[in-house]
Amino acid sequence: MSKEKELSDKLVEWYYKNARTMPWRVIGGAHPNPYEVWISEIMLQQTTVKTVESYFPKWINRFPTVQSLAKADIEEVLLYWQGLGYYTRARKIHECAKVLVEKYNGQMPSDRNELLKLPGIGPYSASSILAFSFNKRETVVDGNVIRVIARLYGIEKPVTKEEIYKLAEPLTHPLHSADYSSAIMDLGATICTPQSAKCLLCPWNNQCVAFKKGLVDKIPLIKKTEKKNFDGYVHIIQNEKGEYFIQKRQEKGLLNGLYEFPWTKERTPIFEGKWKQKNKVVSHTFTHFHLTLTPLVIIKNDFSNEDGFYSKIEDFKKYPFSTLMKKVIKVLQD
Ligand code: SF4
């Protein structure tokens with residue numbers, strides 16, 4: 001038996017005893033519903049398992065099939081995505097659902113080239129869908145897999161995803177691809193963790209170079225990129241009826257299509273006036289920058305722009321707000 005087959009058999013065996021249960025996961029073979037696999041995989045990009053565990057059941061309850069999703073209004077889809085961040089993912093899911101219904105009879109294709117033609121499905125999502133739903137021998141490489149493979153092979157230099165893929169591919173189980181892919185992710189999430197890896201419990205510790213050489217805490221080598229800081233204002237414009245001015249963000253770019261109070265990345269108010277500054281600031285970290293917003297409050301009945309309107313706070317639940325703006329609402333409510 002090859003070394004790779006031995007490793008993958010051991011890992012699958014470990015998984016059958018230690019698998020984490022998740023609402024979108026089937027243990028012991030392919031998931032019968034590619035729609036659920038697809039939704040969970042897109043939700044899990046940039047979002048933790050714990051967060052997705054609370055969103056996924058509500059989503060499936062409201063949009064149980066690709067047809068129900070395709071028929072829904074985008075604003076409702078965004079409401080169900082509210083808080084997960086990276087809202088382009090929700091827009092693409094909605095777009096993709098429509099294409100699946102119109103061109104694929106509501107079925108998820110099981111062919112890589114066909115999957116890659118769909119909106120929002122890139123090489124990673126395609127591999128995940130093929131492995132988890134169709135048990136195809138596909139190598140899924142995420143952050144957990146990068147760490148595990150880099151340690152297993154003792155790679156002490158910065159490494160690319162492509163290099164990891166080349167090492168991970170021969171390990172992918174020929175028969176149990178779905179379970180193997182879940183297994184390596186679970187190993188990374190529960191045993192081969194970024195700090196304090198539990199190597200003594202690891203099914204690969206006999207063959208692991210980093211463990212043998214005492215390099216576990218030094219691998220993988222990660223280059224940290226500095227995030228920029230922005231310090232701006234969020235404008236709470238209230239009319240005499242007690243309603244707040246909110247606006248819908250333009251369709252493209254950061255937080256597109258979500259609702260918000262007008263805000264700036266700099267400490268320049270959007271118009272001159274008798275603003276009162278709140279003591280509490282709101283902070284949020286995006287992929288490339290940190291943002292701190294100081295709320296400015298003013299009473300003004302006639303503020304307007306083409307994307308905004310005044311709304312009662314009780315009606316905010318009708319509109320999808322970003323996590324950043326939910327923090328602002330919390331400050332208002334406090
Ligand atoms: S032995 Fe330790 S470092 Fe190596 S793969 Fe297992 S948990 Fe990770």
# chains A, B, ... in the order shown; residues from 1 in each chain; ligands from 1
$ closest_atom_pairs --of "chain A" --to "ligand 1" --cutoff "7 Å" --atoms "only C-alpha atoms and all ligand atoms" --output "JSON lines"
{"residue": "A:Val148", "atom": "CA", "partner": "ligand 1", "partner_atom_place_in_ligand_line": "5 (S)", "distance": 5.1}
{"residue": "A:Arg151", "atom": "CA", "partner": "ligand 1", "partner_atom_place_in_ligand_line": "3 (S)", "distance": 5.1}
{"residue": "A:Leu152", "atom": "CA", "partner": "ligand 1", "partner_atom_place_in_ligand_line": "5 (S)", "distance": 5.0}
{"residue": "A:Ile191", "atom": "CA", "partner": "ligand 1", "partner_atom_place_in_ligand_line": "7 (S)", "distance": 5.2}
{"residue": "A:Cys192", "atom": "CA", "partner": "ligand 1", "partner_atom_place_in_ligand_line": "7 (S)", "distance": 3.7}
{"residue": "A:Ala197", "atom": "CA", "partner": "ligand 1", "partner_atom_place_in_ligand_line": "7 (S)", "distance": 5.3}
{"residue": "A:Lys198", "atom": "CA", "partner": "ligand 1", "partner_atom_place_in_ligand_line": "7 (S)", "distance": 5.5}
{"residue": "A:Cys199", "atom": "CA", "partner": "ligand 1", "partner_atom_place_in_ligand_line": "2 (Fe)", "distance": 3.6}
{"residue": "A:Leu200", "atom": "CA", "partner": "ligand 1", "partner_atom_place_in_ligand_line": "1 (S)", "distance": 6.9}
{"residue": "A:Cys202", "atom": "CA", "partner": "ligand 1", "partner_atom_place_in_ligand_line": "6 (Fe)", "distance": 4.5}
{"residue": "A:Pro203", "atom": "CA", "partner": "ligand 1", "partner_atom_place_in_ligand_line": "6 (Fe)", "distance": 6.6}
{"residue": "A:Trp204", "atom": "CA", "partner": "ligand 1", "partner_atom_place_in_ligand_line": "6 (Fe)", "distance": 5.1}
{"residue": "A:Asn205", "atom": "CA", "partner": "ligand 1", "partner_atom_place_in_ligand_line": "1 (S)", "distance": 3.7}
{"residue": "A:Cys208", "atom": "CA", "partner": "ligand 1", "partner_atom_place_in_ligand_line": "4 (Fe)", "distance": 4.6}
{"residue": "A:Val209", "atom": "CA", "partner": "ligand 1", "partner_atom_place_in_ligand_line": "4 (Fe)", "distance": 6.9}
{"residue": "A:Ala210", "atom": "CA", "partner": "ligand 1", "partner_atom_place_in_ligand_line": "3 (S)", "distance": 5.6}
{"residue": "A:Phe211", "atom": "CA", "partner": "ligand 1", "partner_atom_place_in_ligand_line": "1 (S)", "distance": 5.1}
{"residue": "A:Val216", "atom": "CA", "partner": "ligand 1", "partner_atom_place_in_ligand_line": "3 (S)", "distance": 5.0}
$ write_last_selection --atoms "N, CA and C atoms" --output "tab-separated table (two decimals), in the first residue's frame"
chain	number	residue	atom	x	y	z
A	148	VAL	N	-2.52	21.74	7.87
A	148	VAL	CA	-2.25	20.33	8.12
A	148	VAL	C	-1.17	19.81	7.15
A	151	ARG	N	2.35	21.17	7.75
A	151	ARG	CA	2.98	20.54	8.92
A	151	ARG	C	3.35	19.08	8.61
A	152	LEU	N	2.44	18.37	7.97
A	152	LEU	CA	2.71	16.96	7.66
A	152	LEU	C	4.02	16.82	6.88
A	191	ILE	N	-7.73	19.22	15.88
A	191	ILE	CA	-6.48	18.61	16.37
A	191	ILE	C	-5.26	19.42	15.92
A	192	CYS	N	-5.16	19.64	14.63
A	192	CYS	CA	-4.00	20.36	14.09
A	192	CYS	C	-4.34	21.86	14.07
A	197	ALA	N	-1.55	22.57	18.99
A	197	ALA	CA	-2.03	21.37	18.27
A	197	ALA	C	-1.94	20.15	19.19
A	198	LYS	N	-2.95	19.27	19.07
A	198	LYS	CA	-2.99	18.08	19.95
A	198	LYS	C	-2.39	16.89	19.20
A	199	CYS	N	-1.09	16.98	18.97
A	199	CYS	CA	-0.42	15.99	18.11
A	199	CYS	C	-0.53	14.57	18.65
A	200	LEU	N	-0.60	14.42	19.97
A	200	LEU	CA	-0.64	13.07	20.52
A	200	LEU	C	-1.94	12.36	20.14
A	202	CYS	N	-3.34	12.79	17.16
A	202	CYS	CA	-3.46	12.89	15.70
A	202	CYS	C	-3.17	11.55	15.02
A	203	PRO	N	-4.04	11.16	14.08
A	203	PRO	CA	-3.80	9.87	13.40
A	203	PRO	C	-2.58	9.91	12.48
A	204	TRP	N	-2.06	11.09	12.19
A	204	TRP	CA	-0.91	11.21	11.29
A	204	TRP	C	0.41	11.47	12.04
A	205	ASN	N	0.40	11.39	13.37
A	205	ASN	CA	1.61	11.83	14.09
A	205	ASN	C	2.86	10.97	13.79
A	208	CYS	N	4.28	12.61	10.60
A	208	CYS	CA	4.30	14.08	10.49
A	208	CYS	C	5.71	14.65	10.74
A	209	VAL	N	6.22	15.36	9.74
A	209	VAL	CA	7.58	15.91	9.82
A	209	VAL	C	7.66	17.02	10.88
A	210	ALA	N	6.67	17.90	10.88
A	210	ALA	CA	6.70	19.01	11.85
A	210	ALA	C	6.70	18.47	13.28
A	211	PHE	N	5.92	17.43	13.54
A	211	PHE	CA	5.85	16.84	14.88
A	211	PHE	C	7.20	16.22	15.25
A	216	VAL	N	6.05	22.25	15.02
A	216	VAL	CA	4.60	22.43	14.83
A	216	VAL	C	4.18	23.90	14.98
$ select_by_dssp --residues "region 45-260 of chain A" --states "strand (DSSP E or B)" --output "PyMOL selection string"
chain A and resi 228-238+244-248+259-260
$ select_by_dssp --residues "region 84-195 of chain A" --states "helix (DSSP H, G or I)" --output "MDAnalysis selection string"
chainID A and resid 88:103 112:116 123:134 143:152 161:171 177:191
$ closest_residue --among "A:Lys248, A:Leu79, A:Asp231, A:Val281" --to "Lys265 (chain A)" --atoms "only C-alpha atoms"
A:Asp231
$ closest_residue --among "A:Asn229, A:Thr88, A:Thr21, A:Gln250" --to "Gly308 (chain A)" --atoms "only C-alpha atoms"
A:Gln250
$ residues_around --residues "region 271-278 of chain A" --least-positions-apart "6" --cutoff "7 Å" --atoms "only C-alpha atoms" --output "list in words"
Thr294, Pro295, Leu296, Val297 and Ile298 of chain A
$ write_last_selection --atoms "C-alpha atoms" --output "PDB file, in the first residue's frame"
ATOM      1  CA  THR A 294     -18.151  58.111  15.630  1.00  0.00           C
ATOM      2  CA  PRO A 295     -21.926  58.682  15.547  1.00  0.00           C
ATOM      3  CA  LEU A 296     -23.017  62.266  14.877  1.00  0.00           C
ATOM      4  CA  VAL A 297     -26.650  63.103  15.597  1.00  0.00           C
ATOM      5  CA  ILE A 298     -28.772  65.913  14.175  1.00  0.00           C
TER       6      ILE A 298
END
$ decode --residues "region 11-122 of chain A" --atoms "C-alpha atoms" --output "mmCIF file, in the first residue's frame"
data_model
loop_
_atom_site.group_PDB
_atom_site.id
_atom_site.type_symbol
_atom_site.label_atom_id
_atom_site.label_comp_id
_atom_site.auth_asym_id
_atom_site.auth_seq_id
_atom_site.Cartn_x
_atom_site.Cartn_y
_atom_site.Cartn_z
ATOM 1 C CA LEU A 11 -7.617 9.702 8.456
ATOM 2 C CA VAL A 12 -10.969 8.373 7.243
ATOM 3 C CA GLU A 13 -10.922 5.776 10.009
ATOM 4 C CA TRP A 14 -10.213 8.535 12.561
ATOM 5 C CA TYR A 15 -13.041 10.608 11.092
ATOM 6 C CA TYR A 16 -15.628 7.866 11.522
ATOM 7 C CA LYS A 17 -14.923 7.971 15.254
ATOM 8 C CA ASN A 18 -14.440 11.715 15.662
ATOM 9 C CA ALA A 19 -16.484 13.530 13.001
ATOM 10 C CA ARG A 20 -18.129 16.772 14.006
ATOM 11 C CA THR A 21 -21.840 16.829 13.296
ATOM 12 C CA MET A 22 -23.100 19.800 11.328
ATOM 13 C CA PRO A 23 -26.569 20.549 9.954
ATOM 14 C CA TRP A 24 -25.281 20.329 6.353
ATOM 15 C CA ARG A 25 -23.095 17.273 6.792
ATOM 16 C CA VAL A 26 -23.695 13.607 6.023
ATOM 17 C CA ILE A 27 -21.169 11.186 7.526
ATOM 18 C CA GLY A 28 -20.404 8.003 5.617
ATOM 19 C CA GLY A 29 -20.713 9.005 1.966
ATOM 20 C CA ALA A 30 -21.944 11.712 -0.363
ATOM 21 C CA HIS A 31 -24.606 14.222 0.689
ATOM 22 C CA PRO A 32 -27.821 13.463 -1.200
ATOM 23 C CA ASN A 33 -28.703 17.129 -1.641
ATOM 24 C CA PRO A 34 -26.154 19.187 -3.631
ATOM 25 C CA TYR A 35 -28.211 22.342 -2.999
ATOM 26 C CA GLU A 36 -27.512 22.132 0.752
ATOM 27 C CA VAL A 37 -23.837 21.435 0.140
ATOM 28 C CA TRP A 38 -23.560 24.417 -2.175
ATOM 29 C CA ILE A 39 -25.301 26.825 0.238
ATOM 30 C CA SER A 40 -23.228 25.667 3.208
ATOM 31 C CA GLU A 41 -19.975 25.887 1.262
ATOM 32 C CA ILE A 42 -20.646 29.448 0.153
ATOM 33 C CA MET A 43 -21.712 30.440 3.686
ATOM 34 C CA LEU A 44 -18.549 28.886 5.123
ATOM 35 C CA GLN A 45 -16.253 30.987 2.950
ATOM 36 C CA GLN A 46 -14.884 33.682 5.293
ATOM 37 C CA THR A 47 -17.351 32.682 8.044
ATOM 38 C CA THR A 48 -16.899 30.348 11.005
ATOM 39 C CA VAL A 49 -18.673 27.005 11.351
ATOM 40 C CA LYS A 50 -20.290 28.235 14.560
ATOM 41 C CA THR A 51 -21.856 31.240 12.828
ATOM 42 C CA VAL A 52 -23.000 29.199 9.825
ATOM 43 C CA GLU A 53 -24.588 26.642 12.164
ATOM 44 C CA SER A 54 -27.027 29.300 13.302
ATOM 45 C CA TYR A 55 -27.768 30.676 9.808
ATOM 46 C CA PHE A 56 -27.996 27.525 7.712
ATOM 47 C CA PRO A 57 -31.148 25.939 9.276
ATOM 48 C CA LYS A 58 -33.074 29.226 9.004
ATOM 49 C CA TRP A 59 -32.019 29.565 5.381
ATOM 50 C CA ILE A 60 -33.062 26.007 4.493
ATOM 51 C CA ASN A 61 -36.322 26.484 6.315
ATOM 52 C CA ARG A 62 -37.141 29.559 4.225
ATOM 53 C CA PHE A 63 -35.504 28.456 0.935
ATOM 54 C CA PRO A 64 -35.700 24.643 1.028
ATOM 55 C CA THR A 65 -35.061 24.196 -2.687
ATOM 56 C CA VAL A 66 -33.211 25.921 -5.473
ATOM 57 C CA GLN A 67 -36.613 26.783 -6.997
ATOM 58 C CA SER A 68 -37.798 28.545 -3.839
ATOM 59 C CA LEU A 69 -34.570 30.543 -3.755
ATOM 60 C CA ALA A 70 -34.770 31.487 -7.433
ATOM 61 C CA LYS A 71 -38.316 32.788 -6.936
ATOM 62 C CA ALA A 72 -37.469 34.922 -3.874
ATOM 63 C CA ASP A 73 -36.851 38.645 -3.973
ATOM 64 C CA ILE A 74 -33.189 39.646 -3.579
ATOM 65 C CA GLU A 75 -34.024 41.889 -0.598
ATOM 66 C CA GLU A 76 -35.440 38.901 1.251
ATOM 67 C CA VAL A 77 -32.374 36.828 0.340
ATOM 68 C CA LEU A 78 -30.161 39.585 1.764
ATOM 69 C CA LEU A 79 -32.273 39.666 4.937
ATOM 70 C CA TYR A 80 -31.535 35.970 5.475
ATOM 71 C CA TRP A 81 -27.846 36.629 4.797
ATOM 72 C CA GLN A 82 -27.773 39.669 7.090
ATOM 73 C CA GLY A 83 -24.812 39.408 9.471
ATOM 74 C CA LEU A 84 -22.843 36.839 7.454
ATOM 75 C CA GLY A 85 -20.917 39.574 5.642
ATOM 76 C CA TYR A 86 -19.467 39.531 2.120
ATOM 77 C CA TYR A 87 -22.901 40.152 0.657
ATOM 78 C CA THR A 88 -21.798 39.568 -2.926
ATOM 79 C CA ARG A 89 -21.964 35.884 -1.999
ATOM 80 C CA ALA A 90 -25.721 36.151 -1.371
ATOM 81 C CA ARG A 91 -26.291 38.007 -4.634
ATOM 82 C CA LYS A 92 -24.327 35.387 -6.560
ATOM 83 C CA ILE A 93 -26.216 32.531 -4.869
ATOM 84 C CA HIS A 94 -29.472 34.132 -5.927
ATOM 85 C CA GLU A 95 -28.228 34.677 -9.488
ATOM 86 C CA CYS A 96 -26.937 31.113 -9.623
ATOM 87 C CA ALA A 97 -30.256 29.681 -8.374
ATOM 88 C CA LYS A 98 -32.034 31.398 -11.262
ATOM 89 C CA VAL A 99 -29.550 29.976 -13.787
ATOM 90 C CA LEU A 100 -29.911 26.485 -12.271
ATOM 91 C CA VAL A 101 -33.700 26.660 -12.616
ATOM 92 C CA GLU A 102 -33.664 28.174 -16.111
ATOM 93 C CA LYS A 103 -30.871 26.144 -17.700
ATOM 94 C CA TYR A 104 -30.279 23.057 -15.571
ATOM 95 C CA ASN A 105 -33.817 22.057 -14.622
ATOM 96 C CA GLY A 106 -33.047 22.998 -10.999
ATOM 97 C CA GLN A 107 -30.294 20.369 -10.757
ATOM 98 C CA MET A 108 -26.716 21.049 -9.685
ATOM 99 C CA PRO A 109 -24.382 19.769 -12.416
ATOM 100 C CA SER A 110 -21.893 17.075 -11.438
ATOM 101 C CA ASP A 111 -19.359 18.177 -14.042
ATOM 102 C CA ARG A 112 -16.544 20.555 -13.102
ATOM 103 C CA ASN A 113 -16.652 22.588 -16.316
ATOM 104 C CA GLU A 114 -20.397 23.082 -16.032
ATOM 105 C CA LEU A 115 -20.082 24.121 -12.378
ATOM 106 C CA LEU A 116 -17.438 26.697 -13.236
ATOM 107 C CA LYS A 117 -19.830 28.383 -15.676
ATOM 108 C CA LEU A 118 -22.240 29.197 -12.809
ATOM 109 C CA PRO A 119 -22.278 32.594 -11.041
ATOM 110 C CA GLY A 120 -20.265 32.599 -7.796
ATOM 111 C CA ILE A 121 -18.844 29.100 -8.246
ATOM 112 C CA GLY A 122 -15.058 29.114 -8.487
#
